[in-house]
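Colleague: Contents of my_file-v4.txt (compact mmCIF, C-alpha atoms and all ligand atoms) are below:
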```txt
# COMPACT_ATOMS: atom_id res chain seq x y z
CA MET A 28 -9.20 -23.61 0.81
CA LYS A 29 -6.82 -21.00 -0.56
CA PRO A 30 -3.25 -21.25 0.72
CA SER A 31 -2.52 -18.48 3.19
CA ASP A 32 0.46 -16.18 2.85
CA SER A 33 2.22 -17.93 5.69
CA GLN A 34 1.82 -21.22 3.81
CA THR A 35 3.55 -19.64 0.84
CA TYR A 36 6.39 -18.53 3.09
CA PRO A 37 6.27 -20.92 6.05
CA ASN A 38 9.22 -19.20 7.74
CA LEU A 39 7.61 -15.80 7.70
CA PRO A 40 7.56 -14.71 11.35
CA LEU A 41 4.18 -13.48 12.55
CA SER A 42 3.55 -10.91 15.24
CA LYS A 43 3.12 -12.38 18.71
CA GLU A 44 1.27 -9.73 20.65
CA ILE A 45 -2.35 -9.22 19.57
CA ASN A 46 -4.36 -6.71 21.60
CA LEU A 47 -8.08 -6.15 21.14
CA ILE A 48 -8.65 -2.47 21.79
CA GLN A 49 -11.47 0.06 21.83
CA SER A 50 -10.01 2.89 19.82
CA LYS A 51 -11.07 6.47 20.58
CA THR A 52 -10.77 7.73 16.99
CA LEU A 53 -10.55 6.25 13.51
CA LEU A 54 -10.45 8.94 10.82
CA THR A 55 -7.33 11.07 10.98
CA ARG A 56 -7.08 14.33 9.07
CA ALA A 57 -4.23 14.13 6.60
CA SER A 58 -0.97 15.88 7.37
CA GLY A 59 2.49 15.93 5.81
CA TYR A 60 2.80 14.24 2.42
CA LEU A 61 -0.65 12.66 2.85
CA LYS A 62 -2.25 16.10 2.42
CA GLU A 63 -1.61 15.76 -1.30
CA VAL A 64 -3.17 12.31 -1.33
CA CYS A 65 -6.33 12.36 0.80
CA SER A 66 -8.39 14.28 3.32
CA HIS A 67 -8.26 11.48 5.91
CA SER A 68 -6.35 8.30 6.64
CA LEU A 69 -7.95 5.26 8.24
CA ASN A 70 -6.04 2.48 10.01
CA PRO A 71 -8.19 -0.47 11.14
CA TYR A 72 -5.20 -1.88 13.03
CA SER A 73 -2.27 -0.32 14.82
CA GLY A 74 0.97 -2.13 14.16
CA CYS A 75 1.35 -4.60 11.32
CA GLY A 76 1.61 -8.37 11.22
CA TYR A 77 3.85 -8.03 8.15
CA GLY A 78 6.35 -5.93 10.04
CA LEU A 79 8.89 -8.78 10.25
CA SER A 80 8.75 -9.46 6.51
CA SER A 81 10.84 -7.69 3.86
CA CYS A 82 8.51 -4.71 3.53
CA GLY A 83 8.66 -4.17 7.28
CA GLU A 84 12.38 -3.52 7.00
CA GLY A 85 11.95 -0.26 5.11
CA CYS A 86 8.51 0.53 6.54
CA TYR A 87 8.62 4.14 7.66
CA VAL A 88 5.94 3.51 10.30
CA ARG A 89 8.46 1.57 12.40
CA PHE A 90 10.06 4.93 13.25
CA ASN A 91 6.81 6.39 14.56
CA HIS A 92 7.46 6.22 18.31
CA TRP A 93 4.05 7.67 19.11
CA LEU A 94 2.46 4.67 17.38
CA THR A 95 4.84 1.92 18.52
CA ARG A 96 5.15 3.22 22.11
CA GLY A 97 8.45 1.44 22.47
CA ARG A 98 7.23 -1.86 21.04
CA GLU A 99 9.26 -3.58 18.35
CA TRP A 100 7.79 -3.13 14.86
CA GLY A 101 6.17 -6.30 13.58
CA LYS A 102 5.80 -7.85 17.04
CA PHE A 103 2.46 -6.31 18.00
CA VAL A 104 -0.93 -5.65 16.46
CA ASP A 105 -3.66 -3.63 18.12
CA VAL A 106 -7.03 -4.66 16.69
CA LYS A 107 -9.50 -1.77 16.68
CA VAL A 108 -12.56 -3.90 17.32
CA ASN A 109 -14.91 -0.90 17.37
CA ALA A 110 -13.60 0.53 14.07
CA SER A 111 -16.81 0.15 12.05
CA ASP A 112 -18.87 1.85 14.78
CA LEU A 113 -16.35 4.67 14.91
CA TYR A 114 -16.55 5.03 11.16
CA LEU A 115 -20.32 5.37 11.22
CA GLN A 116 -20.10 7.90 14.06
CA SER A 117 -17.49 10.10 12.37
CA ALA A 118 -17.84 9.73 8.58
CA GLN A 119 -20.41 12.49 8.08
CA ARG A 120 -18.34 14.84 10.22
CA GLY A 121 -15.26 14.01 8.14
CA LYS A 122 -17.19 14.56 4.93
CA ASN A 123 -18.49 17.94 6.12
CA TRP A 124 -14.99 18.98 7.17
CA ALA A 125 -13.58 18.13 3.74
CA HIS A 126 -16.41 19.71 1.79
CA GLN A 127 -16.18 22.94 3.80
CA ARG A 128 -12.64 23.16 2.47
CA SER A 129 -13.78 22.37 -1.05
CA ILE A 130 -11.86 19.12 -1.15
CA PRO A 131 -13.28 15.63 -1.70
CA PHE A 132 -13.72 13.36 1.29
CA THR A 133 -10.90 11.00 0.34
CA ILE A 134 -9.89 8.16 2.63
CA PHE A 135 -6.51 6.45 2.39
CA MET A 136 -6.66 2.98 3.94
CA SER A 137 -4.08 2.51 5.21
CA SER A 138 -1.12 4.74 5.92
CA ALA A 139 0.32 2.89 8.93
CA THR A 140 -0.80 -0.72 8.67
CA ASP A 141 -1.95 -3.29 6.12
CA PRO A 142 -5.75 -3.69 6.02
CA TRP A 143 -5.39 -7.33 4.86
CA GLN A 144 -2.62 -8.44 7.23
CA PRO A 145 -2.88 -11.89 8.86
CA ALA A 146 -5.05 -10.67 11.78
CA GLU A 147 -7.76 -9.66 9.29
CA LYS A 148 -8.44 -13.34 8.57
CA LYS A 149 -9.61 -13.70 12.16
CA TYR A 150 -10.93 -10.30 13.22
CA ARG A 151 -12.33 -8.89 9.94
CA VAL A 152 -12.11 -5.29 11.11
CA THR A 153 -11.30 -4.08 7.59
CA ARG A 154 -14.30 -5.92 6.21
CA ALA A 155 -16.58 -4.37 8.84
CA VAL A 156 -15.27 -0.89 8.01
CA LEU A 157 -15.80 -1.44 4.27
CA GLN A 158 -19.30 -2.65 5.04
CA ALA A 159 -19.92 0.52 7.07
CA MET A 160 -18.70 2.57 4.12
CA THR A 161 -21.53 1.23 2.00
CA THR A 162 -23.85 3.15 4.36
CA CYS A 163 -21.85 6.38 4.28
CA PRO A 164 -19.35 6.19 1.40
CA PRO A 165 -16.44 8.60 1.05
CA ASP A 166 -16.08 10.47 -2.25
CA THR A 167 -12.87 8.59 -2.97
CA LEU A 168 -11.42 5.51 -1.33
CA ILE A 169 -7.81 4.46 -1.82
CA LEU A 170 -6.99 0.97 -0.56
CA GLN A 171 -3.38 -0.11 -0.21
CA THR A 172 -2.15 -3.61 0.53
CA HIS A 173 0.72 -6.04 0.17
CA SER A 174 -1.60 -9.02 0.44
CA ALA A 175 -3.57 -11.13 -2.01
CA SER A 176 -6.06 -11.62 0.85
CA ILE A 177 -7.81 -8.52 -0.49
CA LEU A 178 -9.49 -11.02 -2.82
CA ASP A 179 -11.56 -12.20 0.16
CA ASP A 180 -13.51 -8.95 -0.13
CA GLN A 181 -14.08 -8.72 -3.86
CA LYS A 182 -17.86 -8.50 -3.62
CA LEU A 183 -17.70 -5.66 -1.14
CA LEU A 184 -15.13 -3.84 -3.26
CA LEU A 185 -17.40 -4.10 -6.28
CA GLU A 186 -20.29 -2.71 -4.26
CA LEU A 187 -18.14 0.19 -3.04
CA SER A 188 -16.89 0.91 -6.56
CA ARG A 189 -20.48 1.72 -7.48
CA LEU A 190 -20.83 4.09 -4.52
CA CYS A 191 -17.55 6.01 -4.66
CA SER A 192 -14.40 6.45 -6.70
CA LEU A 193 -12.34 3.41 -5.69
CA ARG A 194 -8.65 2.90 -6.38
CA ILE A 195 -6.81 -0.21 -5.26
CA HIS A 196 -3.05 0.08 -4.78
CA ILE A 197 -1.25 -3.27 -4.73
CA SER A 198 2.28 -2.88 -3.35
CA ILE A 199 4.77 -4.73 -5.56
CA GLU A 200 8.18 -3.20 -4.98
CA GLY A 201 9.93 -5.01 -7.80
CA ASP A 202 10.32 -8.22 -9.74
CA ARG A 203 12.48 -10.09 -7.21
CA ASN A 204 10.85 -12.08 -4.42
CA ARG A 205 13.92 -11.85 -2.19
CA LEU A 206 16.70 -9.33 -1.59
CA PRO A 207 19.89 -10.60 0.07
CA GLY A 208 19.83 -10.54 3.85
CA LEU A 209 16.15 -9.62 4.09
CA PRO A 210 13.28 -11.85 5.20
CA PRO A 211 10.66 -13.05 2.67
CA PRO A 212 7.90 -10.72 1.50
CA PRO A 213 4.41 -10.86 3.03
CA CYS A 214 3.05 -12.39 -0.15
CA SER A 215 4.83 -13.56 -3.30
CA ILE A 216 5.05 -11.30 -6.33
CA GLU A 217 3.17 -13.89 -8.36
CA LYS A 218 0.25 -13.86 -5.91
CA ARG A 219 0.15 -10.08 -5.77
CA ILE A 220 0.15 -9.73 -9.57
CA SER A 221 -2.51 -12.42 -9.76
CA ALA A 222 -4.62 -10.48 -7.22
CA LEU A 223 -4.19 -7.32 -9.27
CA GLU A 224 -5.24 -9.23 -12.37
CA GLN A 225 -8.33 -10.72 -10.74
CA LEU A 226 -9.46 -7.36 -9.37
CA SER A 227 -8.85 -5.64 -12.71
CA ALA A 228 -10.82 -8.34 -14.49
CA GLN A 229 -13.79 -7.40 -12.31
CA GLY A 230 -13.55 -3.84 -13.62
CA LEU A 231 -11.91 -2.46 -10.48
CA LYS A 232 -9.26 0.21 -10.87
CA THR A 233 -5.91 -1.16 -9.77
CA VAL A 234 -2.52 0.50 -9.48
CA ALA A 235 0.81 -1.27 -8.91
CA CYS A 236 2.91 0.50 -6.30
CA LEU A 237 6.67 0.13 -6.52
CA SER A 238 7.15 1.66 -3.12
CA PRO A 239 9.91 1.68 -2.13
CA LEU A 240 11.35 0.82 -5.52
CA TYR A 241 13.62 -2.24 -5.41
CA PRO A 242 16.29 -2.94 -8.05
CA LEU A 243 14.53 -4.51 -11.03
CA GLU A 244 15.90 -7.53 -12.81
CA ASN A 245 14.06 -6.92 -16.08
CA PRO A 246 12.10 -3.65 -15.97
CA GLN A 247 10.66 -4.00 -19.49
CA ARG A 248 9.31 -7.47 -18.81
CA PHE A 249 7.97 -6.41 -15.39
CA PHE A 250 6.03 -3.40 -16.69
CA GLU A 251 4.72 -5.44 -19.62
CA ARG A 252 3.50 -8.01 -17.10
CA LEU A 253 1.77 -5.37 -14.97
CA LYS A 254 0.16 -3.88 -18.05
CA ASN A 255 -1.09 -7.28 -19.20
CA ALA A 256 -2.45 -7.95 -15.71
CA GLY A 257 -4.68 -4.91 -16.10
CA ALA A 258 -2.94 -2.30 -13.93
CA SER A 259 -4.29 1.14 -14.79
CA ALA A 260 -1.04 2.83 -13.68
CA VAL A 261 2.13 2.36 -11.68
CA ILE A 262 3.45 4.44 -8.81
CA ILE A 263 7.21 4.64 -8.50
CA ASP A 264 8.52 5.85 -5.17
CA HIS A 265 12.16 5.70 -4.11
CA PHE A 266 13.05 5.57 -0.42
CA ILE A 267 14.89 8.84 -1.02
CA GLU A 268 12.10 11.43 -0.88
CA GLY A 269 9.64 8.60 -0.23
CA ASP A 270 10.29 7.75 3.42
CA GLY A 271 9.30 11.13 4.79
CA THR A 272 12.85 12.51 4.77
CA ALA A 273 14.50 14.37 1.88
CA GLU A 274 17.61 12.18 1.87
CA GLY A 275 16.05 8.87 2.87
CA SER A 276 17.77 9.08 6.24
CA ARG A 277 15.16 6.90 7.97
CA THR A 278 15.67 4.06 5.52
CA LEU A 279 19.44 4.46 5.61
CA LYS A 280 19.28 3.23 9.23
CA THR A 281 17.81 -0.10 8.04
CA ARG A 282 19.18 -3.13 6.19
CA LEU A 283 17.28 -2.22 3.00
CA PRO A 284 19.89 0.02 1.26
CA LEU A 285 22.64 -2.58 1.73
CA ALA A 286 20.38 -5.32 0.34
CA MET A 287 19.48 -3.15 -2.65
CA SER A 288 23.06 -2.13 -3.39
CA GLN A 289 24.22 -5.75 -3.24
CA VAL A 290 21.88 -6.45 -6.14
CA GLN A 291 22.45 -3.22 -8.04
CA GLU A 292 24.70 -0.53 -6.65
CA ASP A 293 23.06 2.51 -8.25
CA SER A 294 19.55 1.50 -7.12
CA VAL A 295 20.05 3.36 -3.82
CA ARG A 296 20.35 6.69 -5.60
CA LEU A 297 17.56 8.87 -6.97
CA PRO A 298 18.64 8.82 -10.65
CA TYR A 299 17.82 5.10 -10.62
CA ARG A 300 14.18 5.99 -9.93
CA ASP A 301 14.16 8.43 -12.83
CA HIS A 302 15.69 5.81 -15.10
CA ILE A 303 12.97 3.31 -14.15
CA VAL A 304 10.26 5.94 -14.54
CA ASN A 305 11.42 6.54 -18.11
CA ILE A 306 11.16 2.84 -18.89
CA ALA A 307 7.75 2.47 -17.21
CA ARG A 308 6.35 5.33 -19.31
CA ASN A 309 6.63 3.12 -22.37
CA TYR A 310 4.02 0.81 -20.88
CA LEU A 311 1.66 2.50 -18.44
CA PRO A 312 0.66 5.83 -16.92
CA VAL A 313 3.23 6.62 -14.22
CA GLY A 314 2.88 8.53 -10.97
CA VAL A 315 5.99 9.50 -9.04
CA SER A 316 6.04 9.52 -5.22
CA ALA A 317 3.24 11.49 -3.48
CA GLN A 318 1.85 12.71 -6.80
CA GLY A 319 1.38 9.09 -7.80
CA PHE A 320 -0.33 8.17 -4.54
CA ALA A 321 -2.63 11.13 -5.17
CA GLY A 322 -3.61 9.62 -8.53
CA HIS A 323 -1.68 12.02 -10.77
CA TYR A 324 -0.01 10.13 -13.59
CA THR A 325 1.74 11.04 -16.80
CA GLN A 326 0.42 9.09 -19.75
CA PRO A 327 2.62 6.53 -21.49
CA CYS A 328 4.82 7.64 -24.38
CA ARG A 329 3.20 6.92 -27.73
CA PRO A 330 5.16 4.59 -29.97
CA GLN A 331 6.96 6.51 -32.74
CA LYS A 332 5.20 6.26 -36.12
CA ASN A 333 7.35 5.17 -39.02
CA SER A 334 7.80 8.05 -41.40
S1 LIG B 401 2.57 -4.22 5.02
FE1 LIG B 401 2.79 -1.98 4.93
S2 LIG B 401 2.46 -1.27 7.04
FE2 LIG B 401 2.87 -3.48 7.12
S3 LIG B 401 5.08 -3.63 7.49
FE3 LIG B 401 4.74 -3.79 5.27
S4 LIG B 401 4.97 -1.67 4.54
FE4 LIG B 401 4.66 -1.55 6.77
```
Could you show the structure in this file as C-alpha cells?
Modeller:
Amino acid sequence: MKPSDSQTYPNLPLSKEINLIQSKTLLTRASGYLKEVCSHSLNPYSGCGYGLSSCGEGCYVRFNHWLTRGREWGKFVDVKVNASDLYLQSAQRGKNWAHQRSIPFTIFMSSATDPWQPAEKKYRVTRAVLQAMTTCPPDTLILQTHSASILDDQKLLLELSRLCSLRIHISIEGDRNRLPGLPPPPCSIEKRISALEQLSAQGLKTVACLSPLYPLENPQRFFERLKNAGASAVIIDHFIEGDGTAEGSRTLKTRLPLAMSQVQEDSVRLPYRDHIVNIARNYLPVGVSAQGFAGHYTQPCRPQKNS
C-alpha cells in the first residue's frame, strides 16, 4: 500500500464537512484569465480538502464567496457525485460551442479544486469523469494537481493521451517543503517531483507549475532537478498578477507574503519572478503566468559556443 499524503504529513488537517451533491452543471465556459487558457473549466469537487495546507493559504479560490457561501476554505468539500453523467450530457454541446468560435474544446481541470484531493481516494469522481472523457474526449485536456495521487490514474491518463492533447501540470511552488508560519504542503516536494518523473517516463507531457512562486533556496539545482525528472516546461507565476488582481491584493490579505519575505525579502516583489524566469530559461522552456498556463513557453537559452 502506498503511503497517503496524510501519512507523509500526519498533522495535515483535513476538511471535516463532506457533502454528496447532485450538481446542476459541470462544464463552465472560461472567463477572466482562464479565457487565454481554455474554453471550459471543470471542477469535480467544490471546495478543496487541501485548503488547510500551505497551498490553501494563498489559494485565490478562498476569496470566491459565491463558491464558499460563507463556509471556511478547507473545511468543506462538495462531492459532485453525478459529474461523469453531467460530462456525457454536456461535452458535445461544449465542443460545438467552442468549434463555432473556431477555438479548440480545451478543458482545464481544475480551476477551483484539486482533482486528486483526499476525497478522491473514496469517491473517485475525477476518475469517473476521465473515464467519461474517453467516450467524448476534448481536443485538449489540462490537468492540474498538487497531489502524487494522480499516479492512481496512470492507465487512464495514457488512454486519454492517445485521444486528445493532454498536458499534466504538477504544482510545485518551490524547493522548500515548509515556509515559516504556514502549515505543511498537501504532498511533499519529493513526492510531487517523483510523480512528475513517473508520468514523464510513461511519455506523458508534464509541466511543473511554480504557482504562486515561493522563494527558492537553490534555483539552479531545482530547475536542473525538474529537467532531469522529465518536465517539458515550467510555469512561473507570482502572486502579483497571478492571484486575479494586478497588485496581488488578495494574497496580501493572507499569511503567505509574510512567510515568503521572512525567507527572502525581495521574493514578494515582481522583479523576483523575472529574476527566476531568467534562471529557469537556462534549463527548460518557460511560460509566465496565464501565458504559461495556456501552454505558451519561450525556449531555453542555448549555451554559448566557445569561439
Ligand atoms: S490544492 Fe489547489 S484548489 Fe486546493 S487549496 Fe491548494 S491551491 Fe487551492
Colleague: Report as a tab-separated table the residues of chain A within 10 Å of ligand LIG 401 (chain B), each with its shortest atom pair and distance in Å (one decimal), using all atoms listed in the file, ordered by chain and increasing residue number.
Modeller:
```
residue	atom	partner	partner_atom	distance
A:Asn70	CA	B:LIG401	S2	9.8
A:Tyr72	CA	B:LIG401	S2	9.7
A:Ser73	CA	B:LIG401	S2	9.2
A:Gly74	CA	B:LIG401	S2	7.3
A:Cys75	CA	B:LIG401	FE2	4.6
A:Gly76	CA	B:LIG401	FE2	6.5
A:Tyr77	CA	B:LIG401	S3	4.6
A:Gly78	CA	B:LIG401	S3	3.7
A:Leu79	CA	B:LIG401	S3	7.0
A:Ser80	CA	B:LIG401	S3	7.0
A:Ser81	CA	B:LIG401	FE3	7.4
A:Cys82	CA	B:LIG401	FE3	4.3
A:Gly83	CA	B:LIG401	S3	3.6
A:Glu84	CA	B:LIG401	S3	7.3
A:Gly85	CA	B:LIG401	S4	7.1
A:Cys86	CA	B:LIG401	FE4	4.4
A:Tyr87	CA	B:LIG401	FE4	7.0
A:Val88	CA	B:LIG401	FE4	6.3
A:Arg89	CA	B:LIG401	FE4	7.5
A:Trp100	CA	B:LIG401	S3	7.9
A:Gly101	CA	B:LIG401	S3	6.7
A:Ser137	CA	B:LIG401	S2	7.8
A:Ser138	CA	B:LIG401	S2	7.1
A:Ala139	CA	B:LIG401	S2	5.0
A:Thr140	CA	B:LIG401	S2	3.7
A:Asp141	CA	B:LIG401	S1	4.7
A:Pro142	CA	B:LIG401	S1	8.4
A:Trp143	CA	B:LIG401	S1	8.5
A:Gln144	CA	B:LIG401	S1	7.0
A:Gln171	CA	B:LIG401	FE1	8.2
A:Thr172	CA	B:LIG401	S1	6.5
A:His173	CA	B:LIG401	S1	5.5
A:Ser174	CA	B:LIG401	S1	7.8
A:Ser198	CA	B:LIG401	FE1	8.3
A:Pro212	CA	B:LIG401	FE3	8.5
A:Pro213	CA	B:LIG401	S1	7.2
A:Cys214	CA	B:LIG401	S1	9.7
A:Ser238	CA	B:LIG401	S4	8.6
A:Pro239	CA	B:LIG401	S4	9.0
```
Colleague: Could you tell me how far CA of Gln326 (chain A) lies from CA of Ile134 (chain A), in Å and to one decimal?
Modeller: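 Between CA of Gln326 (chain A) and CA of Ile134 (chain A) the gap works out to 24.7 Å.
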Colleague: Could you list, as an mmCIF file with C-alpha atoms, keeping the file's coordinate frame, every residue within 10 Å of Gly314 (chain A), counting all atoms listed in the file and ignoring same-chain residues fewer than 3 positions away?
Modeller:
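Writing the result to around.cif gives the following:
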```cif
data_model
loop_
_atom_site.group_PDB
_atom_site.id
_atom_site.type_symbol
_atom_site.label_atom_id
_atom_site.label_comp_id
_atom_site.auth_asym_id
_atom_site.auth_seq_id
_atom_site.Cartn_x
_atom_site.Cartn_y
_atom_site.Cartn_z
ATOM 1 C CA VAL A 234 -2.520 0.500 -9.480
ATOM 2 C CA CYS A 236 2.910 0.500 -6.300
ATOM 3 C CA ALA A 260 -1.040 2.830 -13.680
ATOM 4 C CA VAL A 261 2.130 2.360 -11.680
ATOM 5 C CA ILE A 262 3.450 4.440 -8.810
ATOM 6 C CA ILE A 263 7.210 4.640 -8.500
ATOM 7 C CA ASP A 264 8.520 5.850 -5.170
ATOM 8 C CA VAL A 304 10.260 5.940 -14.540
ATOM 9 C CA ALA A 307 7.750 2.470 -17.210
ATOM 10 C CA ARG A 308 6.350 5.330 -19.310
ATOM 11 C CA LEU A 311 1.660 2.500 -18.440
ATOM 12 C CA ALA A 317 3.240 11.490 -3.480
ATOM 13 C CA GLN A 318 1.850 12.710 -6.800
ATOM 14 C CA GLY A 319 1.380 9.090 -7.800
ATOM 15 C CA PHE A 320 -0.330 8.170 -4.540
ATOM 16 C CA ALA A 321 -2.630 11.130 -5.170
ATOM 17 C CA GLY A 322 -3.610 9.620 -8.530
ATOM 18 C CA HIS A 323 -1.680 12.020 -10.770
ATOM 19 C CA TYR A 324 -0.010 10.130 -13.590
ATOM 20 C CA THR A 325 1.740 11.040 -16.800
ATOM 21 C CA GLN A 326 0.420 9.090 -19.750
#
```
Colleague: So, with all atoms listed in the file as the atoms that count, which of A:Arg98, A:Ser68, A:Leu223, A:His265 lies closest to Glu44 (chain A)?
Modeller: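 Nearest candidate to Glu44 (chain A) out of A:Arg98, A:Ser68, A:Leu223, A:His265: A:Arg98.
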Colleague: Please determine, counting only C-alpha atoms, which residue among A:Leu226, A:Ala57, A:Leu187, A:Met287 has the shortest atom-to-atom distance to Asp166 (chain A).
Modeller: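 Looking only at the distances to Asp166 (chain A), the closest residue turns out to be A:Leu187.
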Colleague: Which of these residues is nearest to Thr278 (chain A), using all atoms listed in the file: A:Val295, A:Cys65, A:Val290, A:Leu53?
Modeller: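 Looking at the shortest contact to Thr278 (chain A), the residue is A:Val295.
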